[in-house]
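Colleague: Below is data-v7.tsv; it holds TSV, C-alpha atoms.
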chain	number	residue	atom	x	y	z
A	687	MET	CA	116.84	94.46	117.14
A	688	VAL	CA	114.91	97.73	116.70
A	689	SER	CA	116.24	100.15	119.31
A	690	GLY	CA	119.69	98.76	120.12
A	691	GLU	CA	118.87	99.00	123.83
A	692	VAL	CA	120.23	96.48	126.34
A	693	PHE	CA	117.99	94.49	128.69
A	694	ASN	CA	118.70	92.01	131.47
A	695	LEU	CA	117.14	88.61	132.10
A	696	ILE	CA	116.25	87.92	135.73
A	697	HIS	CA	115.74	84.32	136.85
A	698	ASP	CA	112.53	83.55	138.76
A	699	GLN	CA	113.65	80.43	140.61
A	700	ASP	CA	110.17	79.59	141.94
A	701	HIS	CA	108.79	79.20	138.42
A	702	ASP	CA	112.06	78.44	136.59
A	703	MET	CA	111.57	81.27	134.08
A	704	LEU	CA	113.33	84.47	133.04
A	705	LYS	CA	111.91	87.98	133.12
A	706	THR	CA	113.04	90.80	130.84
A	707	SER	CA	114.20	93.81	132.87
A	708	PRO	CA	113.39	96.61	132.67
A	709	GLN	CA	110.02	95.97	131.08
A	710	PRO	CA	108.73	98.80	128.86
A	711	ASP	CA	105.50	100.53	129.81
A	712	VAL	CA	102.52	99.11	127.95
A	713	GLU	CA	102.06	102.32	125.96
A	714	ASN	CA	105.70	102.17	124.81
A	715	LEU	CA	105.70	98.53	123.72
A	716	PRO	CA	104.35	99.12	120.16
A	717	LYS	CA	107.47	101.06	119.12
A	718	TYR	CA	109.56	97.89	119.53
A	719	TYR	CA	107.43	96.18	116.86
A	720	GLU	CA	107.97	98.95	114.32
A	721	SER	CA	110.34	97.08	112.02
A	722	GLU	CA	110.08	95.59	108.54
A	723	ASP	CA	112.00	92.61	109.95
A	724	TYR	CA	109.13	91.73	112.30
A	725	ILE	CA	107.49	89.35	109.84
A	726	SER	CA	104.74	87.79	111.97
A	727	HIS	CA	102.71	90.98	111.41
A	728	THR	CA	103.09	90.77	107.63
A	729	ASP	CA	102.60	88.32	104.76
A	730	GLU	CA	105.79	89.44	103.03
A	731	LYS	CA	107.94	86.92	101.13
A	732	ARG	CA	110.79	89.28	100.30
A	733	GLY	CA	114.24	88.15	101.41
A	734	LEU	CA	115.50	84.74	102.44
A	735	MET	CA	114.28	84.85	106.06
A	736	SER	CA	110.77	85.95	105.06
A	737	ARG	CA	110.51	83.22	102.42
A	738	LEU	CA	111.71	80.58	104.86
A	739	TYR	CA	109.30	81.85	107.50
A	740	GLN	CA	106.31	81.78	105.15
A	741	THR	CA	107.23	78.33	103.78
A	742	VAL	CA	107.53	76.77	107.23
A	743	LYS	CA	104.34	78.58	108.28
A	744	LYS	CA	102.32	76.72	105.63
A	745	TRP	CA	103.52	73.37	106.98
A	746	SER	CA	102.96	74.40	110.59
A	747	LEU	CA	99.40	75.59	109.88
A	748	GLN	CA	98.45	72.06	108.89
A	749	LYS	CA	100.16	70.66	111.97
A	750	LYS	CA	98.31	73.13	114.21
A	751	THR	CA	94.90	72.31	112.78
A	752	ASN	CA	95.63	68.58	112.99
A	753	LEU	CA	96.58	69.08	116.63
A	754	ILE	CA	93.30	70.74	117.58
A	755	PHE	CA	91.43	67.82	115.96
A	756	GLU	CA	93.56	65.37	117.97
A	757	GLN	CA	92.61	67.15	121.20
A	758	ASN	CA	88.92	67.50	120.26
A	759	SER	CA	86.80	64.81	118.66
A	760	GLU	CA	84.42	67.33	117.05
A	761	VAL	CA	84.72	70.80	115.57
A	762	GLY	CA	83.50	73.64	117.76
A	763	SER	CA	84.36	77.18	118.77
A	764	LEU	CA	87.96	78.39	118.52
A	765	LEU	CA	89.64	81.56	119.78
A	766	ASP	CA	93.16	82.39	118.59
A	767	VAL	CA	94.91	84.95	120.81
A	768	GLY	CA	97.57	87.00	119.02
A	769	ALA	CA	96.21	85.88	115.67
A	770	GLY	CA	98.64	87.90	113.55
A	771	THR	CA	97.38	88.13	109.97
A	772	GLY	CA	94.74	85.44	110.53
A	773	GLU	CA	96.35	82.59	108.58
A	774	PHE	CA	95.71	79.94	111.25
A	775	LEU	CA	92.09	81.01	111.72
A	776	LYS	CA	91.57	81.00	107.94
A	777	VAL	CA	92.71	77.36	107.72
A	778	ALA	CA	90.68	76.36	110.80
A	779	LYS	CA	87.58	78.07	109.35
A	780	GLU	CA	88.03	76.10	106.12
A	781	LYS	CA	87.93	72.97	108.29
A	782	SER	CA	84.55	74.04	109.72
A	783	TRP	CA	85.68	75.51	113.05
A	784	ASN	CA	83.68	78.50	114.34
A	785	VAL	CA	86.58	80.93	114.66
A	786	GLN	CA	87.25	84.20	116.44
A	787	GLY	CA	90.54	85.97	117.10
A	788	MET	CA	92.33	88.74	118.93
A	789	GLU	CA	95.27	90.74	117.57
A	790	PRO	CA	96.46	94.10	118.96
A	791	ASN	CA	98.42	95.13	115.85
A	792	GLU	CA	96.28	97.26	113.53
A	793	ASN	CA	98.16	96.38	110.33
A	794	ALA	CA	97.90	92.65	111.05
A	795	ARG	CA	94.15	92.99	111.71
A	796	ARG	CA	93.75	94.75	108.37
A	797	LEU	CA	95.52	91.93	106.53
A	798	ALA	CA	93.34	89.38	108.34
A	799	SER	CA	90.21	91.29	107.37
A	800	GLU	CA	91.22	91.06	103.71
A	801	LYS	CA	91.10	87.25	104.15
A	802	GLY	CA	87.61	87.39	105.64
A	803	ILE	CA	88.85	87.05	109.24
A	804	GLU	CA	87.66	89.85	111.53
A	805	LEU	CA	89.80	90.20	114.66
A	806	LYS	CA	89.20	92.02	117.94
A	807	SER	CA	91.94	94.16	119.48
A	808	SER	CA	91.66	93.03	123.12
A	809	LEU	CA	90.86	89.94	125.22
A	810	SER	CA	88.32	92.02	127.12
A	811	ASP	CA	86.15	91.93	123.97
A	812	PHE	CA	85.46	88.24	124.75
A	813	HIS	CA	84.74	88.49	128.47
A	814	GLU	CA	81.23	87.02	128.10
A	815	ASN	CA	82.32	84.15	125.80
A	816	GLN	CA	83.76	80.69	126.28
A	817	PHE	CA	85.38	78.47	123.67
A	818	ASP	CA	86.05	74.78	123.09
A	819	VAL	CA	89.63	75.63	122.11
A	820	VAL	CA	91.83	78.64	122.88
A	821	THR	CA	95.24	78.89	121.19
A	822	LEU	CA	98.30	81.10	121.66
A	823	TRP	CA	101.01	80.46	119.06
A	824	HIS	CA	104.18	82.21	120.27
A	825	VAL	CA	102.13	84.88	122.02
A	826	LEU	CA	102.34	84.32	125.79
A	827	GLU	CA	105.93	85.62	125.91
A	828	HIS	CA	104.70	88.99	124.56
A	829	ILE	CA	101.92	89.63	127.08
A	830	PRO	CA	102.67	92.28	129.76
A	831	ASN	CA	100.18	91.27	132.46
A	832	LEU	CA	100.99	87.59	132.71
A	833	GLU	CA	99.02	86.55	135.82
A	834	GLU	CA	95.96	88.57	134.78
A	835	THR	CA	96.08	87.06	131.28
A	836	ILE	CA	96.35	83.51	132.60
A	837	SER	CA	93.24	84.14	134.69
A	838	GLN	CA	91.43	85.53	131.63
A	839	LEU	CA	92.45	82.50	129.56
A	840	SER	CA	91.05	80.18	132.21
A	841	ASP	CA	87.71	81.99	132.04
A	842	LEU	CA	87.67	81.81	128.23
A	843	VAL	CA	88.05	78.02	128.02
A	844	LYS	CA	84.92	75.91	128.47
A	845	PRO	CA	84.92	73.16	131.12
A	846	ASN	CA	86.72	70.17	129.59
A	847	GLY	CA	87.96	72.52	126.85
A	848	THR	CA	91.46	72.77	125.43
A	849	LEU	CA	94.15	75.43	125.84
A	850	ILE	CA	97.10	75.19	123.44
A	851	ILE	CA	100.22	77.30	123.99
A	852	ALA	CA	103.44	77.45	121.95
A	853	VAL	CA	106.49	79.26	123.38
A	854	PRO	CA	110.30	79.21	123.00
A	855	ASN	CA	112.35	77.20	125.49
A	856	PHE	CA	115.35	78.99	127.01
A	857	LYS	CA	116.79	75.63	128.11
A	858	SER	CA	117.30	74.37	124.56
A	859	TYR	CA	120.75	73.73	123.12
A	860	ASP	CA	120.48	76.58	120.59
A	861	ALA	CA	119.64	79.00	123.44
A	862	LYS	CA	122.67	77.86	125.43
A	863	HIS	CA	124.89	78.04	122.34
A	864	TYR	CA	123.95	81.57	121.22
A	865	LYS	CA	123.45	83.01	124.73
A	866	GLU	CA	122.73	86.77	124.49
A	867	PHE	CA	122.50	86.46	120.68
A	868	TRP	CA	119.71	83.86	120.83
A	869	ALA	CA	117.01	85.36	118.63
A	870	ALA	CA	114.15	83.90	120.67
A	871	PHE	CA	115.09	86.07	123.65
A	872	ASP	CA	113.94	88.96	121.41
A	873	VAL	CA	113.97	91.56	124.20
A	874	PRO	CA	111.96	93.55	125.06
A	875	ARG	CA	109.18	92.21	122.84
A	876	HIS	CA	109.52	88.91	124.70
A	877	LEU	CA	108.84	89.89	128.29
A	878	TRP	CA	108.97	86.34	129.68
A	879	HIS	CA	111.14	83.34	128.83
A	880	PHE	CA	109.70	79.95	129.73
A	881	SER	CA	110.93	76.48	130.54
A	882	LYS	CA	108.80	73.32	130.52
A	883	VAL	CA	108.61	73.55	134.31
A	884	SER	CA	107.38	77.15	134.32
A	885	ILE	CA	104.59	76.59	131.81
A	886	GLU	CA	103.16	73.65	133.74
A	887	LYS	CA	103.40	75.55	137.05
A	888	LEU	CA	101.75	78.69	135.69
A	889	PHE	CA	98.68	76.82	134.43
A	890	SER	CA	98.41	74.05	137.04
A	891	LYS	CA	95.63	75.76	139.03
A	892	ASN	CA	92.89	75.18	136.45
A	893	PHE	CA	94.44	72.96	133.77
A	894	THR	CA	96.04	69.55	133.36
A	895	LEU	CA	98.91	69.20	130.90
A	896	GLU	CA	97.98	66.38	128.51
A	897	LYS	CA	100.63	66.62	125.82
A	898	THR	CA	103.87	68.39	124.91
A	899	GLU	CA	104.98	68.56	121.27
A	900	PRO	CA	108.30	69.80	119.83
A	901	MET	CA	108.46	72.48	117.15
A	902	ILE	CA	111.42	71.04	115.25
A	903	PHE	CA	111.72	73.78	112.61
A	904	ASP	CA	112.10	76.51	115.23
A	905	SER	CA	115.68	75.54	116.04
A	906	PHE	CA	116.73	76.10	112.40
A	907	TYR	CA	114.87	79.38	111.96
A	908	VAL	CA	115.98	80.77	115.34
A	909	SER	CA	119.58	79.70	114.71
A	910	LEU	CA	119.60	81.48	111.34
A	911	LEU	CA	118.40	84.68	113.02
A	912	SER	CA	120.81	84.23	115.92
A	913	GLU	CA	123.75	83.82	113.56
A	914	LYS	CA	122.65	87.00	111.78
A	915	TYR	CA	122.57	88.92	115.08
A	916	LYS	CA	125.94	87.49	116.14
A	917	THR	CA	127.93	87.75	112.89
A	918	GLY	CA	125.84	89.83	110.48
A	919	SER	CA	125.56	86.88	108.09
A	920	LYS	CA	122.23	86.71	106.25
A	921	PHE	CA	122.69	83.00	105.56
A	922	SER	CA	124.83	80.53	107.44
A	923	LEU	CA	125.39	76.80	107.04
A	924	LYS	CA	126.67	76.82	110.61
A	925	ALA	CA	123.20	77.91	111.75
A	926	PHE	CA	121.67	74.84	110.12
A	927	TRP	CA	124.21	72.67	111.92
A	928	ILE	CA	123.37	74.29	115.27
A	929	GLY	CA	119.65	73.83	114.58
A	930	LEU	CA	120.18	70.16	113.70
A	931	ARG	CA	122.40	69.62	116.72
A	932	SER	CA	119.79	71.24	118.96
A	933	ASN	CA	117.13	68.80	117.74
A	934	LEU	CA	119.44	65.81	118.07
A	935	LYS	CA	120.32	66.73	121.66
A	936	ALA	CA	116.65	67.41	122.41
A	937	ASN	CA	115.79	63.91	121.22
A	938	ARG	CA	117.43	62.78	124.47
A	939	SER	CA	116.92	65.76	126.79
A	940	LYS	CA	113.42	66.67	125.48
A	941	GLU	CA	114.48	70.35	125.60
A	942	TYR	CA	113.58	71.55	122.10
A	943	SER	CA	113.93	75.13	120.84
A	944	SER	CA	110.15	75.58	121.19
A	945	HIS	CA	107.33	73.45	122.53
A	946	ILE	CA	103.57	73.20	122.10
A	947	TYR	CA	101.70	72.53	125.34
A	948	CYS	CA	98.18	71.04	125.23
A	949	PHE	CA	96.14	71.61	128.41
A	950	ARG	CA	92.71	70.32	129.41
A	951	LYS	CA	90.49	72.38	131.68
A	952	ALA	CA	88.71	70.59	134.51
A	953	LYS	CA	85.07	69.67	133.87
How does the structure come out when it is put into structure tokens?

Modeller:
Amino acid sequence: MVSGEVFNLIHDQDHDMLKTSPQPDVENLPKYYESEDYISHTDEKRGLMSRLYQTVKKWSLQKKTNLIFEQNSEVGSLLDVGAGTGEFLKVAKEKSWNVQGMEPNENARRLASEKGIELKSSLSDFHENQFDVVTLWHVLEHIPNLEETISQLSDLVKPNGTLIIAVPNFKSYDAKHYKEFWAAFDVPRHLWHFSKVSIEKLFSKNFTLEKTEPMIFDSFYVSLLSEKYKTGSKFSLKAFWIGLRSNLKANRSKEYSSHIYCFRKAK
């Protein structure tokens, strides 16, 4: 979207996941986020897509906080990795969670600070801490050092604690329909592309998968973006139809556009 460069997706058959190739060097990754269209690092409501994104975000924030209460009978410590502008942590803090967060983007950290949420810039800042809940909302696909990060996440979760991960699903109907135009591929910012099989395999060493939840609005939002990339249309009724069809097919196949995975660490 930013550079106009072309990247390939290589299938890792052992884990049933795709890898973006070539992967940019870590020091070069930030330039691919330098776009006004990358709205997860802003609170902007200008334009149709931004307004839709922010509206759905309000609903999803309540769902996310409800989910952490479902997985944990009492409030406790919470770390949000890739916290963006701190909206989720702000809501969780209002519900009495003891919150901390990590966000590498400087502008997003500044916006979070204005809401009273102070974020660290690296996971290494938490190496001596453990948390009752660790969350990654559409973050894992962005992380360069996947195996190292998974190990770090395991160390950050308390025994019997909860790890919650949300990622796109490249096996969804909307992914298969839009193919190279599928917005959730988002290369090279998305370095990895997961299936339900790959997520469970990657975290099976130290965690047990307790619950998988669909993110039903993602198919509509991603389809709108995909239609824009494919045809240039800023708004498309066809995209809504593809999003609806994706959810209807997923009702049988259980392959939604995005999933939330709730893991429990061994005691």

Colleague: Go through A:Thr706, A:Ser944, A:Asn937, A:Ser759 one by one, measure the shortest atom-to-atom distance of each to A:Ile851 using only C-alpha atoms, and give the residue with the smallest value.

Modeller: A:Ser944

Colleague: As a VMD selection string, please: the residues near stretch 700-704 of chain A (cut-off 8 Å, only C-alpha atoms, same-chain neighbours under 3 positions excluded).

Modeller: chain A and resid 695 to 697 878 to 881 883 to 884 887 to 888

Colleague: Return the single residue from A:Ala852, A:Val767, A:Leu775, A:Leu797 that is closest to A:Ser810, with distances computed using all atoms listed in the file.

Modeller: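 Residue with the minimum atom-to-atom distance to A:Ser810: A:Val767.
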
Colleague: Looking at all atoms listed in the file, which of A:Glu814, A:Glu713, A:Asp698, A:Glu691 is the one that sits closest to A:Pro830?

Modeller: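 Result for the nearest residue to A:Pro830: A:Glu713.
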
Colleague: Report the distance between atom CA of A:Ser799 and atom CA of A:Asp841 in Å, rounded to one decimal place.

Modeller: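 That distance, rounded to one decimal, is 26.5 Å.
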
Colleague: Using all atoms listed in the file, which residues sit within 9 Å of A:Ser840 once same-chain residues fewer than 3 positions away are excluded, as a list in words?

Modeller: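 The residues satisfying every condition are Thr835, Ile836, Ser837, Val843, Lys844, Leu849, Phe889, Asn892, Phe893 and Lys951 of chain A.
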
Colleague: Tell me, in Å to one decimal, how far atom CA of A:Asp711 is from atom CA of A:Ser689.

Modeller: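 Computed distance, atom CA of A:Asp711 to atom CA of A:Ser689, equals 15.0 Å.
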
Colleague: Counting all atoms listed in the file, which residue out of A:Lys749, A:Arg795, A:Gly918, A:Val761 sits closest to A:Glu899?

Modeller: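 Looking only at the distances to A:Glu899, the closest residue turns out to be A:Lys749.
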
Colleague: Contacts of A:Asp904 at 10 Å or less, counting only C-alpha atoms, minus same-chain residues fewer than 5 places along, as a list in words?

Modeller: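 Once the adjacent positions are removed, what remains is Tyr739, Val742, Pro854, Asp860, Ala870, Ser909, Leu910, Gly929, Asn933, Tyr942, Ser943, Ser944 and His945 of chain A.
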
Colleague: In Å to one decimal, how far is atom CA of A:Tyr947 from atom CA of A:Asn831?

Modeller: 20.1 Å

Colleague: Please provide the set of residues having any atom within 6 Å of stretch 769-771 of chain A, restricted to only C-alpha atoms, with same-chain residues fewer than 4 positions apart removed, written as a list in words.

Modeller: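 Result of the neighbour search: His727, Gly787, Met788, Glu789, Ala794, Leu797 and Ala798 of chain A.
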